[in-house]
Amino acid sequence: VPMKRVSMWLLSIGVVVVCGVSSGRAESTDAPADYAAQDQVSGGSYQMVEDWITGPEDIGGVSGVTADDDGNIYAFRRDANNVWNLDSAGKLVKEWGQDIAMWTHSIRIDHEGYIWTVDGQAHQVKKWSPDASELLITLGRYDVSGDGPNRFNRPTDVAVAPNGDFFVSDGYVNTRVAKFDRTGEFIKDWGDAGTKPGQFNTVHSITIDSRNRVLVADRGNARVQIFDLEGNFLDQWTHLGTPYALFLTEDDRLFVADGVNAKVWIADANDGTLLGTIEGTEGIHWVAVDPAGNVYAASNRSHYLRKYSKVGATN
């Protein structure tokens with residue numbers, strides 16, 4: 001299906017630019033690399049909130065970030081090797097988890113409020129109580145790599161389905177997605193190295209949309225692959241840059257952190273239609289969105305946790 005070509009229009013706010021696109025369906029497997037330079041028309045914009053964090057020290061490098069239903073932000077700090085809980089105004093309300101990881105990678109909160117952390121070098125995935133006081137599940141043996149039912153090799157992220165089954169993107173060395181039931185019992189895995197559908201090159205992030213489709217950031221292949229809950233390949237999107245991290249809002253807006261092109265892509269998760277971008281996020285590694293629609297960009301390399309609010313927003 002040929003893509004419509006329309007005139008491009010950009011609205012700049014400081015160093016941040018967000019562009020909207022036409023409502024036509026995005027191309028999937030055949031979308032060209034310069035898709036974002038086409039089909040662009042007027043849209044809204046975000047602006048960075050300066051000096052929004054209040055803490056006893058600089059937040060340093062942040063490898064992962066997420067938000068809960070109350071708008072609290074959880075920053076997985078690479079340099080300090082712990083977690084900062086921030087309220088919506090950026091005030092540090094809790095510091096926890098010192099040395100819970102050899103190498104912090106991602107942090108998630110599931111639909112029941114449980115906190116998940118992924119250790120990218122000690123090869124472990126951990127599930128915590130909502131108040132982080134109790135470690136409930138540990139998958140993987142500390143500093144022991146592998147590819148079996150309870151072994152990982154540089155895992156990167158976790159996604160939890162509505163029934164409690166969860167999926168681990170595994171990851172930097174292994175090239176698979178592993179599925180477990182809510183108790184941590186291994187169910188199945190899929191994927192191997194390569195460029196074909198269902199193959200991976202750096203499985204870097206994973207999330208599940210409202211239709212129970214599993215979206216996987218196949219970073220090395222510069223695409224988002226889409227599967228059903230059993231690992232059957234459904235589609236792929238190649239027009240969203242080089243995906244490092246994926247974050248879905250409740251209305252199925254997909255935010256994609258792109259560490260190569262230094263931007264956040266915003267798309268409709270139903271069909272991949274590009275809705276806009278946030279530019280100028282050098283070194284970005286992870287992205288999250290709070291219930292008010294604020295976007296958080298995390299970087300372990302460039303040492304920041306930035307907040308972007310929609311222009312004109314009152315939150």
# chains A, B, ... in the order shown; residues from 1 in each chain; ligands from 1
>>> closest_atom_pairs(of="region 211-286 of chain A", to="region 60-64 of chain A", cutoff="12 Å", atoms="only C-alpha atoms", output="tab-separated table")
residue	atom	partner	partner_atom	distance
A:Tyr244	CA	A:Gly64	CA	10.9
A:Ala245	CA	A:Gly64	CA	9.0
A:Leu246	CA	A:Gly64	CA	11.1
A:Phe247	CA	A:Gly64	CA	11.2
A:Ala257	CA	A:Gly64	CA	11.1
A:Gly259	CA	A:Ser63	CA	12.0
A:Gly283	CA	A:Gly61	CA	10.4
A:Ile284	CA	A:Ser63	CA	8.8
A:His285	CA	A:Ser63	CA	6.2
A:Trp286	CA	A:Gly64	CA	5.4
>>> select_by_dssp(residues="region 108-138 of chain A", states="strand (DSSP E)", output="PyMOL selection string")
chain A and resi 108-109+115-119+124-128+135-138
>>> write_last_selection(atoms="N, CA and C atoms", output="compact mmCIF listing (two decimals), in the first residue's frame")
# COMPACT_ATOMS: atom_id res chain seq x y z
N ARG A 108 9.39 -1.86 36.20
CA ARG A 108 8.00 -1.81 35.73
C ARG A 108 7.07 -1.95 36.93
N ILE A 109 5.86 -1.45 36.78
CA ILE A 109 4.78 -1.67 37.74
C ILE A 109 3.63 -2.31 37.00
N ILE A 115 5.93 -4.28 41.79
CA ILE A 115 7.10 -3.66 41.16
C ILE A 115 8.02 -4.77 40.66
N TRP A 116 8.51 -4.60 39.44
CA TRP A 116 9.43 -5.56 38.83
C TRP A 116 10.74 -4.86 38.48
N THR A 117 11.86 -5.49 38.83
CA THR A 117 13.16 -4.95 38.46
C THR A 117 13.95 -5.99 37.69
N VAL A 118 14.73 -5.53 36.74
CA VAL A 118 15.53 -6.42 35.90
C VAL A 118 17.00 -6.04 36.03
N ASP A 119 17.81 -7.02 36.38
CA ASP A 119 19.25 -6.87 36.53
C ASP A 119 19.92 -7.41 35.27
N GLN A 124 19.01 -11.52 36.48
CA GLN A 124 17.88 -11.79 37.37
C GLN A 124 16.69 -10.85 37.11
N VAL A 125 15.49 -11.40 37.35
CA VAL A 125 14.25 -10.63 37.33
C VAL A 125 13.61 -10.78 38.70
N LYS A 126 13.19 -9.66 39.31
CA LYS A 126 12.65 -9.69 40.65
C LYS A 126 11.29 -8.99 40.70
N LYS A 127 10.39 -9.59 41.49
CA LYS A 127 9.06 -9.02 41.73
C LYS A 127 8.97 -8.60 43.20
N TRP A 128 8.53 -7.34 43.42
CA TRP A 128 8.46 -6.78 44.76
C TRP A 128 7.01 -6.44 45.11
N LEU A 135 10.42 -8.93 48.85
CA LEU A 135 10.79 -9.55 47.59
C LEU A 135 9.96 -10.82 47.43
N LEU A 136 9.14 -10.89 46.40
CA LEU A 136 8.17 -11.97 46.25
C LEU A 136 8.65 -13.07 45.32
N ILE A 137 9.33 -12.72 44.25
CA ILE A 137 9.81 -13.69 43.27
C ILE A 137 11.19 -13.27 42.81
N THR A 138 12.10 -14.23 42.71
CA THR A 138 13.39 -14.01 42.06
C THR A 138 13.57 -15.08 41.00
>>> closest_residue(among="A:Pro243, A:Pro291, A:Gly97, A:Gly220", to="Glu134 (chain A)", atoms="only C-alpha atoms")
A:Gly97
>>> closest_residue(among="A:Val224, A:Asn300, A:Asp271, A:Pro162", to="Arg77 (chain A)", atoms="only C-alpha atoms")
A:Asn300
>>> residues_around(residues="Ala292 (chain A)", least_positions_apart="3", cutoff="10 Å", atoms="only C-alpha atoms", output="NGL selection string")
:A and (69-71 or 88 or 289 or 295 or 309-310 or 313-315)
>>> residues_around(residues="Val173 (chain A)", least_positions_apart="6", cutoff="12 Å", atoms="only C-alpha atoms", output="list in words")
Gly120, Gln121, His123, Ser145, Gly146, Asp147, Phe152, Asn153, Arg154, Pro155, Thr156, Asp192, Ala193, Phe200, Asn201, Thr202, Val203, His204 and Gly220 of chain A
>>> closest_residue(among="A:Asp218, A:Glu282, A:Thr66, A:Asp209", to="Leu248 (chain A)", atoms="only C-alpha atoms")
A:Asp209
>>> closest_atom_pairs(of="region 205-291 of chain A", to="region 183-189 of chain A", cutoff="12 Å", atoms="only C-alpha atoms", output="tab-separated table")
residue	atom	partner	partner_atom	distance
A:Leu229	CA	A:Lys188	CA	10.6
A:Glu230	CA	A:Lys188	CA	8.3
A:Gly231	CA	A:Asp189	CA	7.7
A:Asn232	CA	A:Asp189	CA	11.0
>>> atom_distance(atom1="CA of Ala89 (chain A)", atom2="CA of Asp68 (chain A)")
14.0 Å
>>> atom_distance(atom1="CA of Leu86 (chain A)", atom2="CA of Asn163 (chain A)")
28.8 Å
>>> closest_residue(among="A:Val168, A:Ser45, A:His239, A:Asp79", to="Arg301 (chain A)", atoms="only C-alpha atoms")
A:Asp79
>>> residues_around(residues="Asn85 (chain A)", least_positions_apart="6", cutoff="12 Å", atoms="only C-alpha atoms", output="list of chain:residue names")
A:Ile53, A:Thr54, A:Gly55, A:Ile59, A:Val65, A:Thr66, A:Ala67, A:Asp68, A:Asp70, A:Gly71, A:Asn72, A:Ile73, A:Tyr74, A:Ala75, A:Phe76, A:Arg77, A:Lys91, A:Leu92, A:Val93, A:Lys94, A:Glu95, A:Trp96, A:Gly97, A:Ile107, A:Ile115, A:Pro130, A:Asp131, A:Ala132
